[in-house]
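Trainee: Enclosed is the structure file target.txt (compact mmCIF, C-alpha atoms and all ligand atoms).
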```txt
# COMPACT_ATOMS: atom_id res chain seq x y z
CA MET X 285 -24.58 4.42 17.02
CA ASN X 286 -24.71 2.91 13.54
CA ILE X 287 -21.54 1.34 12.27
CA LEU X 288 -20.94 1.14 8.55
CA LEU X 289 -18.11 -0.98 7.22
CA ALA X 290 -16.58 -0.10 3.85
CA LYS X 291 -17.58 -2.48 1.07
CA HIS X 292 -13.93 -2.86 0.09
CA ALA X 293 -11.53 -2.89 3.04
CA GLY X 294 -8.60 -4.93 4.29
CA TYR X 295 -6.29 -7.41 2.56
CA CYS X 296 -5.96 -7.07 -1.20
CA TYR X 297 -5.05 -9.73 -3.74
CA GLY X 298 -1.32 -8.91 -3.70
CA VAL X 299 -1.01 -9.05 0.09
CA ASN X 300 -3.02 -12.29 0.36
CA ARG X 301 -0.83 -13.82 -2.33
CA ALA X 302 2.44 -12.74 -0.65
CA ILE X 303 1.31 -14.06 2.74
CA LYS X 304 0.23 -17.39 1.26
CA MET X 305 3.52 -17.77 -0.64
CA THR X 306 5.43 -17.00 2.57
CA LEU X 307 3.46 -19.36 4.81
CA ASP X 308 3.67 -22.16 2.22
CA ALA X 309 7.45 -21.69 2.00
CA SER X 310 7.75 -21.61 5.79
CA GLU X 311 5.74 -24.83 6.13
CA GLN X 312 7.79 -26.62 3.48
CA ARG X 313 11.06 -25.45 5.01
CA GLY X 314 10.09 -26.37 8.55
CA GLY X 315 12.64 -23.84 9.86
CA PRO X 316 13.33 -20.12 9.71
CA ILE X 317 12.84 -18.22 6.46
CA TYR X 318 13.46 -14.53 5.72
CA THR X 319 11.73 -11.62 4.03
CA LEU X 320 13.67 -8.76 2.50
CA GLY X 321 12.17 -5.96 4.58
CA PRO X 322 8.89 -6.45 6.47
CA LEU X 323 6.57 -8.53 4.24
CA ILE X 324 3.78 -5.95 4.53
CA HIS X 325 3.43 -2.62 6.31
CA ASN X 326 1.54 -3.94 9.31
CA PRO X 327 3.55 -4.42 12.52
CA GLN X 328 0.99 -6.79 14.13
CA VAL X 329 1.08 -9.18 11.16
CA ILE X 330 4.89 -9.04 11.12
CA ASN X 331 4.92 -10.04 14.82
CA LYS X 332 2.69 -13.03 14.07
CA LEU X 333 4.88 -14.05 11.13
CA THR X 334 7.98 -13.81 13.33
CA GLU X 335 6.32 -16.19 15.83
CA ARG X 336 5.95 -18.63 12.92
CA GLY X 337 9.63 -18.40 11.99
CA VAL X 338 9.43 -15.73 9.26
CA PHE X 339 12.03 -13.05 9.98
CA PRO X 340 12.46 -9.71 8.21
CA VAL X 341 16.04 -8.78 7.26
CA GLU X 342 17.24 -5.53 5.70
CA ASP X 343 20.04 -7.00 3.62
CA ILE X 344 20.67 -10.31 1.85
CA HIS X 345 24.10 -10.47 3.54
CA GLU X 346 22.38 -11.05 6.89
CA VAL X 347 21.24 -14.47 5.65
CA GLU X 348 23.29 -17.67 5.25
CA GLY X 349 23.61 -19.39 1.86
CA GLY X 350 20.89 -22.00 1.26
CA SER X 351 18.24 -19.95 3.11
CA ILE X 352 14.89 -18.98 1.64
CA ILE X 353 14.37 -15.27 1.13
CA ILE X 354 11.06 -13.73 0.10
CA VAL X 355 10.77 -10.60 -2.05
CA ARG X 356 7.72 -8.73 -0.74
CA CYS X 357 4.81 -7.41 -2.82
CA HIS X 358 6.46 -3.97 -3.21
CA GLY X 359 9.08 -5.49 -5.51
CA ILE X 360 12.82 -4.83 -5.53
CA ASP X 361 15.85 -3.99 -7.65
CA PRO X 362 16.39 -7.01 -9.98
CA LYS X 363 20.15 -6.77 -9.27
CA VAL X 364 19.46 -7.68 -5.62
CA ILE X 365 17.59 -10.82 -6.72
CA LEU X 366 20.50 -11.79 -8.96
CA GLU X 367 23.02 -11.20 -6.18
CA ALA X 368 20.93 -13.25 -3.72
CA LYS X 369 20.81 -16.15 -6.18
CA ASN X 370 24.56 -15.88 -6.75
CA ARG X 371 25.05 -16.14 -2.98
CA GLY X 372 23.14 -19.43 -3.02
CA LEU X 373 19.89 -18.13 -1.54
CA ARG X 374 16.56 -19.53 -2.72
CA VAL X 375 14.55 -16.49 -3.78
CA ILE X 376 10.74 -16.54 -3.76
CA ASP X 377 9.50 -13.48 -5.59
CA ALA X 378 6.16 -12.31 -4.18
CA THR X 379 6.19 -9.00 -6.08
CA CYS X 380 2.53 -8.14 -6.71
CA PRO X 381 1.65 -8.52 -10.41
CA TYR X 382 0.23 -4.97 -10.35
CA VAL X 383 3.55 -3.60 -9.10
CA ARG X 384 5.30 -5.65 -11.79
CA LYS X 385 3.08 -3.90 -14.35
CA VAL X 386 4.31 -0.47 -13.15
CA GLN X 387 7.93 -1.67 -13.33
CA ASN X 388 7.38 -2.91 -16.90
CA LYS X 389 5.67 0.30 -18.05
CA ALA X 390 8.43 2.43 -16.50
CA SER X 391 11.08 0.37 -18.26
CA LEU X 392 9.18 0.59 -21.57
CA LEU X 393 8.95 4.39 -21.32
CA VAL X 394 12.70 4.68 -20.73
CA LYS X 395 13.45 2.36 -23.66
CA GLU X 396 11.21 4.43 -25.92
CA GLY X 397 13.09 7.62 -25.07
CA TYR X 398 10.69 9.22 -22.60
CA PHE X 399 11.93 11.09 -19.54
CA LEU X 400 10.30 9.08 -16.76
CA VAL X 401 8.15 10.75 -14.12
CA ILE X 402 7.00 8.57 -11.22
CA LEU X 403 4.21 9.92 -9.04
CA GLY X 404 4.73 8.44 -5.59
CA GLU X 405 6.48 8.62 -2.24
CA ARG X 406 10.22 9.12 -2.50
CA GLY X 407 12.04 6.34 -0.65
CA HIS X 408 9.05 3.96 -0.57
CA PRO X 409 10.25 0.43 -1.45
CA GLU X 410 7.81 0.18 -4.38
CA ILE X 411 9.23 3.39 -5.86
CA ASN X 412 12.84 2.23 -5.31
CA GLY X 413 12.02 -0.99 -7.18
CA ILE X 414 10.37 0.88 -10.07
CA VAL X 415 13.36 3.24 -10.37
CA ALA X 416 15.77 0.28 -10.41
CA CYS X 417 13.76 -1.60 -13.05
CA ALA X 418 13.42 1.47 -15.28
CA ALA X 419 17.19 2.10 -15.14
CA GLY X 420 17.03 5.46 -16.87
CA GLU X 421 16.58 9.22 -16.54
CA HIS X 422 13.75 9.87 -14.12
CA ILE X 423 12.28 12.03 -11.38
CA VAL X 424 9.98 11.06 -8.50
CA LEU X 425 7.29 13.66 -7.77
CA GLU X 426 5.12 13.39 -4.68
CA SER X 427 2.45 15.77 -5.96
CA ALA X 428 1.61 18.35 -8.61
CA ASP X 429 3.14 20.99 -6.29
CA GLU X 430 6.59 19.66 -7.20
CA VAL X 431 6.13 19.94 -10.96
CA ASN X 432 8.61 22.83 -11.18
CA ASN X 433 11.39 20.35 -10.32
CA LEU X 434 10.86 18.66 -13.68
CA PRO X 435 13.78 19.37 -16.02
CA ARG X 436 12.96 20.66 -19.53
CA ARG X 437 12.13 17.64 -21.67
CA ARG X 438 10.19 17.20 -24.90
CA LYS X 439 8.91 13.66 -24.27
CA VAL X 440 7.68 12.76 -20.78
CA GLY X 441 6.21 9.43 -19.64
CA LEU X 442 4.32 9.07 -16.37
CA VAL X 443 3.65 6.05 -14.17
CA VAL X 444 2.01 6.08 -10.75
CA GLN X 445 2.66 4.25 -7.48
CA THR X 446 -0.10 1.63 -7.16
CA THR X 447 -1.45 3.19 -3.96
CA GLN X 448 -1.73 6.81 -5.11
CA SER X 449 -5.05 8.60 -5.23
CA GLN X 450 -6.66 9.37 -8.54
CA SER X 451 -7.01 13.05 -7.61
CA ASN X 452 -3.19 13.34 -7.22
CA LEU X 453 -2.76 11.78 -10.65
CA VAL X 454 -5.30 14.08 -12.29
CA ALA X 455 -3.68 17.15 -10.67
CA LEU X 456 -0.21 16.17 -11.89
CA VAL X 457 -1.34 15.33 -15.43
CA SER X 458 -3.05 18.70 -15.77
CA GLU X 459 0.20 20.45 -14.79
CA LEU X 460 2.45 18.29 -16.97
CA ILE X 461 0.32 18.75 -20.06
CA LYS X 462 1.02 22.51 -19.91
CA ARG X 463 4.79 21.96 -19.92
CA VAL X 464 5.68 19.19 -22.33
CA GLU X 465 5.25 18.57 -26.03
CA GLU X 466 4.52 14.86 -25.71
CA LEU X 467 3.06 13.19 -22.63
CA ARG X 468 2.34 9.48 -22.27
CA VAL X 469 0.47 8.46 -19.11
CA TYR X 470 -0.01 4.99 -17.69
CA ASN X 471 -2.55 5.00 -14.90
CA THR X 472 -0.99 2.25 -12.80
CA ILE X 473 -3.02 2.80 -9.64
CA CYS X 474 -4.19 -0.72 -8.85
CA ASN X 475 -7.83 -1.72 -8.85
CA ALA X 476 -7.77 -2.80 -5.18
CA THR X 477 -6.55 0.68 -4.23
CA MET X 478 -9.22 2.41 -6.33
CA LEU X 479 -12.00 0.25 -4.85
CA ARG X 480 -10.81 0.90 -1.29
CA GLN X 481 -10.51 4.64 -1.92
CA ARG X 482 -13.96 4.85 -3.55
CA SER X 483 -15.62 2.88 -0.72
CA ALA X 484 -13.88 5.03 1.91
CA LEU X 485 -15.01 8.23 0.21
CA GLU X 486 -18.57 6.95 -0.09
CA LEU X 487 -18.65 6.21 3.66
CA ALA X 488 -16.90 9.43 4.67
CA ASN X 489 -19.65 11.41 2.98
CA LYS X 490 -22.32 9.93 5.24
CA THR X 491 -20.65 9.44 8.63
CA ASP X 492 -19.72 11.60 11.61
CA LEU X 493 -16.46 9.78 12.27
CA MET X 494 -14.21 7.60 10.11
CA LEU X 495 -11.89 5.01 11.64
CA VAL X 496 -9.15 4.03 9.21
CA VAL X 497 -7.48 0.82 10.36
CA GLY X 498 -3.96 -0.16 9.36
CA GLY X 499 -0.22 0.23 9.84
CA LYS X 500 0.93 3.80 10.51
CA ASN X 501 3.74 2.96 8.06
CA SER X 502 1.31 1.81 5.35
CA ALA X 503 1.13 4.15 2.33
CA ASN X 504 -2.27 2.95 1.18
CA THR X 505 -3.82 3.22 4.68
CA THR X 506 -2.44 6.73 5.15
CA ARG X 507 -3.91 7.66 1.76
CA LEU X 508 -7.36 6.39 2.85
CA ALA X 509 -7.18 8.63 5.92
CA GLU X 510 -6.18 11.62 3.72
CA ILE X 511 -9.11 10.96 1.40
CA CYS X 512 -11.56 10.89 4.33
CA ARG X 513 -10.10 14.08 5.81
CA GLY X 514 -10.41 15.64 2.35
CA VAL X 515 -14.21 15.68 2.74
CA ASN X 516 -13.90 17.24 6.20
CA VAL X 517 -15.07 14.27 8.19
CA HIS X 518 -13.33 13.71 11.52
CA THR X 519 -10.91 10.83 10.80
CA LEU X 520 -8.77 8.69 13.09
CA HIS X 521 -6.03 6.37 11.81
CA VAL X 522 -5.60 3.48 14.27
CA GLU X 523 -3.50 0.32 14.16
CA THR X 524 -5.03 -1.81 16.89
CA ALA X 525 -7.99 -2.14 19.26
CA GLU X 526 -5.79 -0.89 22.14
CA GLU X 527 -5.97 2.61 20.65
CA ILE X 528 -9.78 2.72 20.73
CA GLU X 529 -11.17 5.01 23.45
CA GLU X 530 -14.76 5.64 24.51
CA ARG X 531 -14.39 9.41 24.07
CA PHE X 532 -13.95 8.94 20.29
CA PHE X 533 -17.64 8.07 19.93
CA GLN X 534 -19.27 10.82 21.97
CA GLU X 535 -21.94 12.49 19.83
CA VAL X 536 -21.22 10.16 16.93
CA GLY X 537 -24.44 9.02 15.25
CA THR X 538 -22.82 7.07 12.43
CA LEU X 539 -19.35 5.60 12.46
CA GLY X 540 -17.59 4.46 9.30
CA ILE X 541 -14.79 1.89 9.34
CA THR X 542 -12.36 1.19 6.56
CA ALA X 543 -8.98 -0.54 6.43
CA GLY X 544 -5.89 -0.50 4.25
CA ALA X 545 -4.86 -3.29 1.90
CA SER X 546 -2.37 -4.62 4.47
CA THR X 547 -4.85 -4.86 7.36
CA PRO X 548 -6.04 -8.38 8.26
CA ASP X 549 -9.69 -9.08 9.08
CA TRP X 550 -8.81 -10.15 12.63
CA ILE X 551 -7.60 -6.63 13.50
CA ILE X 552 -10.78 -5.08 12.05
CA GLU X 553 -12.82 -7.62 14.04
CA GLU X 554 -10.98 -6.86 17.30
CA ILE X 555 -11.70 -3.16 16.80
CA VAL X 556 -15.40 -3.77 16.12
CA GLN X 557 -15.62 -5.99 19.23
CA LYS X 558 -13.97 -3.30 21.37
CA ILE X 559 -16.43 -0.70 20.08
CA LYS X 560 -19.28 -3.10 20.89
CA VAL X 561 -18.01 -3.40 24.44
CA ILE X 562 -17.59 0.32 25.04
CA SER X 563 -20.79 1.44 23.35
CA SER X 564 -23.89 0.48 25.35
CA GLU X 565 -25.82 -0.99 22.46
CA ALA X 566 -24.64 -3.74 20.12
CA PRO X 567 -23.83 -1.88 16.93
CA GLU X 568 -25.56 -2.80 13.74
CA LEU X 569 -23.06 -3.66 11.02
CA LYS X 570 -24.26 -2.73 7.60
CA HIS X 571 -22.78 -2.58 4.17
CA GLY X 572 -19.89 -4.96 4.52
CA ARG X 573 -18.96 -8.54 4.29
CA ALA X 574 -19.15 -10.80 7.31
CA LEU X 575 -16.13 -10.37 9.53
S1 LIG Y 601 -2.48 -2.65 -3.14
FE1 LIG Y 601 -2.62 -3.34 -5.28
S2 LIG Y 601 -0.52 -3.28 -6.00
FE2 LIG Y 601 -0.40 -3.22 -3.77
S3 LIG Y 601 -0.19 -5.35 -3.18
FE3 LIG Y 601 -2.38 -4.89 -3.16
S4 LIG Y 601 -3.13 -5.52 -5.18
FE4 LIG Y 601 -0.91 -5.34 -5.30
```
What would you get if you wrote out this structure as structure tokens?
Mentor:
Amino acid sequence: MNILLAKHAGYCYGVNRAIKMTLDASEQRGGPIYTLGPLIHNPQVINKLTERGVFPVEDIHEVEGGSIIIVRCHGIDPKVILEAKNRGLRVIDATCPYVRKVQNKASLLVKEGYFLVILGERGHPEINGIVACAAGEHIVLESADEVNNLPRRRKVGLVVQTTQSQSNLVALVSELIKRVEELRVYNTICNATMLRQRSALELANKTDLMLVVGGKNSANTTRLAEICRGVNVHTLHVETAEEIEERFFQEVGTLGITAGASTPDWIIEEIVQKIKVISSEAPELKHGRAL
């Protein structure tokens, strides 16, 4: 069995940056620090961070004054940051600069009188942060199928969750353009997402099975799996090596592996090692960087 690893897979710039900021803060503090929500959508990484004294909390009121609290890469409502500071917490803002860009564009559209449309997952922390920063009339649409929910407006401005797929954006724009007089679109899908999606698609087109590695709660990993399934290749979304079973690889000539932006290299490596053990021959890794 050949194994092909996606050219772009695993940790992105924003996740690397947030983890570094968190570990630096934890080292300096020498005691427990807190993240507002899990730092990234990967349960195994969160467990490791907890072992190092980094604890996720759901609310700033769970943390004593003087503590360090980290805002994760998804961003947050600026009012929460202000309240945390007023309560005497030291806030370290690890909002990804690409998420910040979406927040700024959304706020600009509202200020310039556009009705704001956000393409993304309702309830996702990134979307909640964008809505809070925009502070204006808006709707969140998950796909072009929901376009009929859009109220009648003359001027509509669109921003996109950083982890959306380009095909969802194109589908929504082509529906919106039929309904509004003026449409301004900011394509705010981040480059790391686009590269991971393109690499996954490229692999999916030439493999018998795609393994997509990453948190089941990770939006960008789930999207990679959807993209692979979209070209009718058998696709499995797994979080850890424990989920890998020999039966997955029966009659598989070429296996493709990709991973979401919140998946560390060590999880990808554990999965590759497990596949090596259960397949009789040592697989040949092509295409990717050294693990
Ligand atoms: S996927 Fe993009 S927007 Fe999200 S954290 Fe990574 S670099 Fe930032």
Trainee: May I ask for the distance between atom CA of X:Leu393 and atom CA of X:Gly441, given in Å to one decimal place?
Mentor: 6.0 Å
Trainee: Could the residues that lie within 7 Å of ligand LIG 601 (chain Y), counting all atoms listed in the file, be listed as a VMD selection string?
Mentor: chain X and resid 296 to 299 357 to 358 380 to 383 446 to 447 474 to 477 545
Trainee: List every protein, DNA or RNA residue that has an atom no more than 12 Å from (7.4, -24.5, 3.5) in the file's coordinate frame, counting only C-alpha atoms, and report them as a list in words.
Mentor: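 Nearby residues: Lys304, Met305, Thr306, Leu307, Asp308, Ala309, Ser310, Glu311, Gln312, Arg313, Gly314, Gly315, Pro316, Ile317, Tyr318, Arg336, Gly337, Val338, Ser351, Ile352, Ile353, Ile354 and Ile376 of chain X.
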Trainee: May I have the residues within 9 Å of X:Cys417 as a PyMOL selection string, using all atoms listed in the file and disregarding those fewer than 6 positions away in the same chain?
Mentor: chain X and resi 360-362+387-388+390-391
Trainee: Calculate how many Å separate atom CA of X:Val536 from atom CA of X:Leu288, rounding to one decimal.
Mentor: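 These two atoms are separated by 12.3 Å.
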Trainee: Just checking: using only C-alpha atoms, which residue out of X:Glu421, X:Gly498, X:Gln481, X:Val347 ends up closest to X:Ile552?
Mentor: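 Between X:Glu421, X:Gly498, X:Gln481, X:Val347, the residue approaching X:Ile552 most closely is X:Gly498.
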Trainee: So, counting all atoms listed in the file, which residue among X:Ile287, X:Ile411, X:Ile461, X:Ile365 is closest to X:Ala503?
Mentor: X:Ile411
Trainee: List every protein, DNA or RNA residue that has at least one atom no more than 12 Å from (-5.2, 11.8, -15.2) in the file's coordinates, counting all atoms listed in the file, and write the result as an NGL selection string.
Mentor: :X and (403 or 428 or 442-444 or 448-461 or 467-473)
Trainee: Grab all the atoms of stretch 448-467 of chain X that the file lists, wrap them in a box along x, y and z, add 6 Å per side, and give me centre plus edge lengths in Å (one decimal) as lines of an AutoDock Vina configuration file.
Mentor:
```
center_x = -0.7
center_y = 14.7
center_z = -15.6
size_x = 24.7
size_y = 27.7
size_z = 32.9
```
Trainee: List the neighbours of stretch 516-532 of chain X out to 9 Å using all atoms listed in the file; skip same-chain residues closer than 6 positions along the sequence, and give me the result as a PyMOL selection string.
Mentor: chain X and resi 326-328+488-500+505-506+509-510+547+551-559+562-563
